[in-house]
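Please read the structure below before turning to the comments.
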Amino acid sequence: MARTNGIPDGVGKALVALAAAGAGVVTVVSARRLRPLTNLRARRPRGPRVLGPGPERAQIGSGRSAGPDVEQEVPMAGTPTDDQPGSSPAPSPRSGRAPGGNNGLAADDRPTASDDAPATIRPVDEGEWATASYPLGAHAVAAGTSASGSSAAGASASGSSTSGSSTSRTSPTTFAVHAPAATRVLLEIYPSATGTDASVEVDTHRGHDGIWRARVEGAGHGTLYGYRVWGPGFEPHEDWSRGGSAAGFSADHDEVGNRFNPNKVLLDPYAREITHNLSSSLIEAEGGTPEDFAGGPDTHAQHGRPRREVDTGRIAPKGIVVVDETSFGTHPHLLSEGTSIYEGHTHAMTAHPSVTTLGDDLAGRRGFSGVRNVDDEARGTYKGVGQLAPYLKGLGLTTLELLPVQATDTTARPGDDGTSNYWGYMTLAFFAPNRDLACDTSPGGPTREFKEMARALHEQGIELYIDVVYNHTGEGGSWGGDPATSAFVSLGGFATAEYYVQTDDHVLVDGATGTGNQVNFSSEASQRLVLDSLAYWTDVMGVDGFRFDLAPVLGRAPEDSAREDWEGQKEFYPLHPLLTSIRDLAADRRIEVIAEAWDLWGYEVGNFPAGWGEWNGRFRDAVRDFLRGEGSTMAFVEQVNGDWPHFHDQGGPARSINFVTAHDGFTMLDLVSYNDKVNDGEPPFGPSDGGSDDNRSWDSGGDQALRRARLRSFLTVLFLARGVPMIVAGDELGRTQNGNNNPWSLNSVGMWTNYGFATSNRPTQLPVDPTGQVEAAYHDNVGEAATPEGTSPFLPFAQALAHLRRVEPALRQREWGGVHLDDGDVSYLFGSPDASRGTQAGDRAVRVHIDGSPVGGHDYLMCVNMTTDVVDFALGQEHDGLRWHRVVDTAPWAEEQGNVWPTAVAEVVEGDYAVQPWTVAVLQLA
């Protein structure tokens, strides 16, 4: 994950305030002492209250009231009334939807009831709430479930649908949130996402485990809800009322750093969907600003009163009760050593106009017979990715890894350059799919559509991994380093000390993340949040694996050291209980877990518990260096051999995720086309802040043919090395970002995958926007290839390598081999081109003999020449009448023939093979 240099602009972005007093350092919350609940008022059990307009106070929104201030049975939120027309129980996607999402529930996507008659909302079994074991979150209770517990409707580990009659709109829904130090937690039901006050309130009851629970009838699918929380520093008071009140306030945080403020409506951390995010235009439409969510004593610029007193009920994101029984199909459960990963962004993969003719363009091309045109309305959505599944299968890769899909603080709107947090690494809700990435944005629509995407991938035999961000959240930090001023909308408002790391002065810390805050994984509550979220996405949503952003944060224990012991705070614990629990969860469910094994405090590649996969930055650096004629030869050899020194005790070479490009950094084409990043370009390719200056790239001397050859060389080394290869979406096409290496905020046609490249021999000469709406041009970095007109110089080549790896046992080994040929395993033997000696430091031409025959595969010679001269590589070692066939040569001379040949027609080579400068050749013994 790349970092920004400052605070993005836009609604919600100010929540990512710089923790100036705590930036770069982390502190520990020492053992917390929960205050006795002496201030918990004795309350008589009461039913739901219909809430009328409170006293006139400075607050946000149009102020539409939900009803008179009398107690009565209340229609379920979202059911048809005279003032709010209903819609069908299963809303269809909106037609003509522009790619990019509406960042919230649209007017025609309001919650709907499943029956014609309105339901009534009323608490049930209230006497049992304090001793019940309802799970965290909101769960519609299946028929026949006892009051003591409930389960998520339709949550089947196999992904099969459950009976539609198991729940109904009148069935009870259980609500539960973790807030152990709170003294009152009020559940509120809302008739709409923004612009109205709550229509119903229910006081929840605290259990001995610090979880507050309620069981409510009539709050079924589509119900919108939020919470208000009181506690030390802001205790319950009879004079408090909605609209903004100081009654009960005494301090902005308590003695351990908790921030309670009932004026700020909170989002359930376990919500299955949310109405909108903090950058939603729905907030702005109600007159909301980022400042509205802040606490503290400073005067609000618009309302002229302390920020802590501004009420957010009319603009805050709300949780949505979701009941969905859609099947995600069946987990493929592929072997890790046979995996090859395609990393992409849900929106960018399918937003480009060219995707709507992809099936037509690839018709008749080998391996792509099942590819279809992506529907225009599905561009940039989960639905679009599902429709792209046959293309991914044809490409030959086994696994799609999506950038974050959990609800995040982003707009995902085209043209919102520089402000949209487009990549999505600011998570707000760890169970909710990002509504902006859905075609169907009705309540439950994103959940259903995500599962349908998973099923479409599974039906093609493709696994689905997702990038998850548990190291920090989108709630931001301490504004200007002031511990009194933060803007919590979820976790921090329930239990700051449980969820976040703080200094002695209770400033939020982001030393390892650089994003305003850092999650406290000494806390059992934080650990449980991660494990519950992973289980949900696996068992209910159909995910097959996870890549963990800045994963070392999950292995730190801030409460094991003094707050001012910075070295202790930075210590990484490979056997941290959360890391081992994640590993065990993965083993039990037969899924993969992969660490981005570094953060701002440390580089931990190879140090995660056995069973974890890890992005191998050492592979990236060593291969980038060697293929530009620099760096350590021995480091290159070590990485191509699967990085044995760092992964031999991790479960085998498949634990090393090999990559030379990822979402944050150059694309593969840009890696061979630029010496330095170009992040200051004009839209749609810039500008962007941040981005590494250490790219280990080379522009190939401006030689277009050499750039094409070097891209193919990178692909070849990647797919033949031990370990699991990963490429970035579009690398197989030669996708370019015109040199931008950190487009984290750019949602533009220049950043979307242009599938016109798939059928062009001059891809960088194509228009950026074939519709003509955006006037821009790609840098013509590769010119016109010698491949036939209409044939990509990259796609058939990448496809051939991916399929070779899928079918060749020698390239899919769980264990390392020895140093001898024909000894029952697959050996990688490295030597000089003439085979007279082993590889030595300073060698720029390396001969790699892959001994695959002992496992029923083939032997291969990979001849890597990173010199400026033609180098002859000795063959030899033929046996059993087999001969060497040239199957790959990345050199420009072979471009007309596609640079790759099936064994049946590949040229037989004897004696030596001449490899051109800066290229790679592969010979197969057959």
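Here's how to read the names in the structure tokens: chain A, B, ... by the order shown, residue numbers from 1 in each chain, ligand numbers from 1 in the order shown.
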Based on the backbone DSSP call, show me all residues of region 282-411 of chain A assigned strand (DSSP E), as a compact mmCIF listing (two decimals) with C-alpha atoms, in the first residue's frame.
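Output file result.txt is given in full below:
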# COMPACT_ATOMS: atom_id res chain seq x y z
CA GLY A 319 -25.79 -0.13 8.97
CA ILE A 320 -28.21 -2.20 6.91
CA ILE A 341 -2.29 -14.78 -9.19
CA TYR A 342 -3.82 -11.91 -11.18
CA GLU A 343 -4.04 -8.78 -9.00
CA GLY A 344 -6.61 -6.18 -10.03
CA THR A 399 -6.57 -16.88 -8.98
CA LEU A 400 -7.99 -13.37 -9.02
CA GLU A 401 -6.83 -11.14 -6.17
CA LEU A 402 -8.94 -8.00 -5.84
CA GLN A 406 -14.74 -3.94 2.01
CA ALA A 407 -16.67 -0.70 2.52
CA THR A 408 -14.15 2.11 2.43
I'd like the contact shell of Gln460 (chain A) - 8 Å cut-off, only C-alpha atoms, skipping same-chain residues fewer than 2 positions apart - returned as a JSON list (two decimals) with C-alpha atoms, in the first residue's frame.
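Output saved as result_38.json:
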[["chain", "number", "residue", "atom", "x", "y", "z"],
["A", 389, "ALA", "CA", -14.28, -14.69, -15.61],
["A", 390, "PRO", "CA", -14.01, -16.55, -18.97],
["A", 393, "LYS", "CA", -9.74, -18.63, -17.47],
["A", 456, "ALA", "CA", -19.01, -16.99, -11.76],
["A", 457, "LEU", "CA", -15.30, -17.23, -10.97],
["A", 458, "HIS", "CA", -15.69, -20.56, -9.19],
["A", 462, "ILE", "CA", -10.83, -19.58, -10.58]]
Q: Considering only C-alpha atoms, return as a ChimeraX atom specification whatever protein or nucleic-acid residues lie within 12 Å of Ala176 (chain A), sequence-local ones (same chain, fewer than 3 positions apart) excluded.
A: /A:129-130,132-139,149-150,173,179-180,185-187,203-207,209-216,225-227,267-271,494
Q. What does the distance from CA of Gln527 (chain A) to CA of Glu128 (chain A) come to in Å, to one decimal?
A. 27.2 Å
Q. Using only C-alpha atoms, which residues sit within 7 Å of Val385 (chain A) once same-chain residues fewer than 3 positions away are excluded, as number ranges by chain?
A. A: 346, 350, 381-382, 388-389, 453
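Inside region 326-446 of chain A, the residues DSSP reads as alpha helix (DSSP H) when given the backbone are Thr346, His347, Ala348, Met349, Thr350, Leu358, Gly359, Asp360, Asp361, Leu362, Tyr382, Lys383, Gly384, Val385, Gly386, Gln387, Leu388, Ala389, Pro390, Tyr391, Leu392, Lys393, Gly394, Leu395, Gly445 and Pro446 of chain A.
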Q. Within 10 Å of His576 (chain A), counting only C-alpha atoms, which residues qualify if same-chain residues fewer than 5 places away don't, as a ChimeraX atom specification?
A. /A:521-522,554-557,581,608-609
Convert the current residue selection to file output with all heavy atoms, as a compact mmCIF listing (two decimals), in the first residue's frame.
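Just written: again37.txt:
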# COMPACT_ATOMS: atom_id res chain seq x y z
N PHE A 521 -3.58 -4.68 18.40
CA PHE A 521 -3.80 -6.12 18.38
C PHE A 521 -3.30 -6.81 19.64
O PHE A 521 -3.17 -8.04 19.66
CB PHE A 521 -3.19 -6.72 17.12
CG PHE A 521 -4.01 -6.39 15.90
CD1 PHE A 521 -3.50 -5.56 14.92
CD2 PHE A 521 -5.29 -6.87 15.76
CE1 PHE A 521 -4.27 -5.23 13.81
CE2 PHE A 521 -6.06 -6.54 14.66
CZ PHE A 521 -5.55 -5.73 13.68
N SER A 522 -3.08 -6.05 20.71
CA SER A 522 -3.04 -6.64 22.04
C SER A 522 -4.46 -6.94 22.52
O SER A 522 -4.66 -7.75 23.43
CB SER A 522 -2.36 -5.70 23.04
OG SER A 522 -0.97 -5.66 22.83
N LEU A 554 -0.35 -6.69 12.47
CA LEU A 554 -1.14 -7.73 13.11
C LEU A 554 -0.29 -8.61 14.03
O LEU A 554 -0.84 -9.39 14.81
CB LEU A 554 -1.84 -8.61 12.07
CG LEU A 554 -3.10 -8.06 11.41
CD1 LEU A 554 -2.80 -6.85 10.55
CD2 LEU A 554 -3.80 -9.13 10.58
N GLY A 555 1.03 -8.50 13.92
CA GLY A 555 1.93 -9.27 14.75
C GLY A 555 2.63 -8.44 15.81
O GLY A 555 3.64 -8.87 16.37
N ARG A 556 2.09 -7.25 16.12
CA ARG A 556 2.67 -6.43 17.17
C ARG A 556 1.75 -6.43 18.39
O ARG A 556 0.53 -6.56 18.27
CB ARG A 556 2.89 -5.01 16.66
CG ARG A 556 3.97 -4.97 15.58
CD ARG A 556 4.66 -3.62 15.51
NE ARG A 556 5.86 -3.73 14.69
CZ ARG A 556 5.88 -3.62 13.36
NH1 ARG A 556 4.75 -3.36 12.71
NH2 ARG A 556 7.00 -3.75 12.69
N ALA A 557 2.36 -6.28 19.56
CA ALA A 557 1.62 -6.34 20.82
C ALA A 557 1.89 -5.08 21.62
O ALA A 557 2.75 -5.06 22.51
CB ALA A 557 2.02 -7.58 21.61
N SER A 581 -3.71 -17.75 14.87
CA SER A 581 -5.15 -18.03 14.73
C SER A 581 -5.60 -17.89 13.28
O SER A 581 -6.43 -18.67 12.80
CB SER A 581 -5.96 -17.09 15.63
OG SER A 581 -5.71 -17.35 16.99
N PHE A 608 6.90 -14.71 9.00
CA PHE A 608 5.55 -15.03 9.43
C PHE A 608 5.45 -16.52 9.77
O PHE A 608 6.30 -17.32 9.37
CB PHE A 608 4.53 -14.62 8.36
CG PHE A 608 4.12 -13.19 8.46
CD1 PHE A 608 5.02 -12.18 8.15
CD2 PHE A 608 2.86 -12.83 8.91
CE1 PHE A 608 4.67 -10.85 8.27
CE2 PHE A 608 2.49 -11.50 9.04
CZ PHE A 608 3.40 -10.50 8.72
N PRO A 609 4.43 -16.91 10.53
CA PRO A 609 4.33 -18.32 10.92
C PRO A 609 4.23 -19.24 9.71
O PRO A 609 3.72 -18.85 8.66
CB PRO A 609 3.03 -18.36 11.75
CG PRO A 609 2.81 -16.97 12.21
CD PRO A 609 3.35 -16.09 11.11
**Q.** Selected residue, from A:Ala562, A:Ile274, A:Ala622, A:Ala378, that lies nearest to Val355 (chain A) when counting only C-alpha atoms
**A.** A:Ala378
(Q) Quick one: residues within 9 Å of Ser692 (chain A), only C-alpha atoms, excluding same-chain residues fewer than 6 positions away - as a list in words? (A) Ala2, Asp664, Gly665, Lys677, Asn741 and Asn742 of chain A
For those residues, write N, CA and C atoms to a file as a CSV table (one decimal), in the first residue's frame.
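Output (result_38.csv):
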chain,number,residue,atom,x,y,z
A,2,ALA,N,0.6,2.1,-0.9
A,2,ALA,CA,1.4,3.4,-1.0
A,2,ALA,C,0.8,4.4,0.0
A,664,ASP,N,0.8,-0.9,-6.4
A,664,ASP,CA,1.5,0.3,-6.0
A,664,ASP,C,2.9,0.2,-6.6
A,665,GLY,N,3.1,0.9,-7.7
A,665,GLY,CA,4.4,0.9,-8.4
A,665,GLY,C,4.1,0.9,-9.9
A,677,LYS,N,9.8,7.9,-12.0
A,677,LYS,CA,8.3,8.0,-12.0
A,677,LYS,C,7.9,9.3,-12.7
A,741,ASN,N,3.6,5.9,-10.8
A,741,ASN,CA,3.8,4.7,-10.0
A,741,ASN,C,3.0,4.8,-8.7
A,742,ASN,N,2.1,5.7,-8.6
A,742,ASN,CA,1.3,5.7,-7.3
A,742,ASN,C,-0.1,6.3,-7.6
Q: Please provide as a VMD selection string all residues within 6 Å of Ala351 (chain A), with the sequence filter that same-chain residues fewer than 3 positions apart are discarded (counting only C-alpha atoms).
A: chain A and resid 347 to 348 379 to 380
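Nearest to Met426 (chain A) of all the residues A:Phe636, A:Tyr391, A:Tyr470, A:Phe794 is A:Tyr470, based on only C-alpha atoms.
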Q) In Å to one decimal, how far is CA of Leu579 (chain A) from CA of Glu498 (chain A)? A) 18.2 Å
Which residues of region 296-367 of chain A have any atom within 12 Å of an atom in region 476-493 of chain A when counting only C-alpha atoms, and what is the closest pair of atoms for each, with the distance in Å to one decimal? Order the rows by chain and rising number and write it as CSV.
residue,atom,partner,partner_atom,distance
A:Gly296,CA,A:Thr485,CA,4.4
A:Pro297,CA,A:Ala484,CA,7.4
A:Asp298,CA,A:Thr485,CA,8.2
A:Thr299,CA,A:Thr485,CA,11.3
A:His300,CA,A:Thr485,CA,11.8
A:Pro306,CA,A:Thr485,CA,10.7
A:Arg307,CA,A:Thr485,CA,8.7
A:Arg308,CA,A:Thr485,CA,8.6
A:Val310,CA,A:Ala487,CA,11.6
A:Asp311,CA,A:Val489,CA,12.0
A:Thr312,CA,A:Val489,CA,9.4
A:Gly313,CA,A:Val489,CA,10.9
A:Ile315,CA,A:Val489,CA,11.0
A:Ala316,CA,A:Val489,CA,7.5
A:Pro317,CA,A:Val489,CA,8.1
A:Lys318,CA,A:Val489,CA,9.9
A:Gly319,CA,A:Ser490,CA,10.5
What does the file look like for those residues with C-alpha atoms, as a PDB file, in the first residue's frame?
ATOM      1  CA  GLY A 296     -13.331  18.292  20.855  1.00  0.00           C
ATOM      2  CA  PRO A 297     -13.726  21.834  22.157  1.00  0.00           C
ATOM      3  CA  ASP A 298     -12.847  23.796  19.026  1.00  0.00           C
ATOM      4  CA  THR A 299     -15.646  25.907  17.608  1.00  0.00           C
ATOM      5  CA  HIS A 300     -17.350  24.467  14.556  1.00  0.00           C
ATOM      6  CA  PRO A 306     -18.040  23.194  20.066  1.00  0.00           C
ATOM      7  CA  ARG A 307     -17.596  20.444  17.521  1.00  0.00           C
ATOM      8  CA  ARG A 308     -18.481  17.818  20.112  1.00  0.00           C
ATOM      9  CA  VAL A 310     -22.837  18.861  16.558  1.00  0.00           C
ATOM     10  CA  ASP A 311     -25.259  15.999  15.953  1.00  0.00           C
ATOM     11  CA  THR A 312     -24.516  13.663  13.021  1.00  0.00           C
ATOM     12  CA  GLY A 313     -27.679  11.575  13.030  1.00  0.00           C
ATOM     13  CA  ILE A 315     -25.659  12.404   7.819  1.00  0.00           C
ATOM     14  CA  ALA A 316     -23.829   9.504   9.474  1.00  0.00           C
ATOM     15  CA  PRO A 317     -23.496   6.199   7.599  1.00  0.00           C
ATOM     16  CA  LYS A 318     -26.022   3.625   8.790  1.00  0.00           C
ATOM     17  CA  GLY A 319     -25.788  -0.126   8.966  1.00  0.00           C
TER      18      GLY A 319
END
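Distance check against Leu711 (chain A) using only C-alpha atoms: of A:Pro770, A:Gly445, A:Gly734, A:Gly384, the minimum falls on A:Gly734.
Going from CA of Arg122 (chain A) to CA of Ala429 (chain A) covers 26.6 Å.
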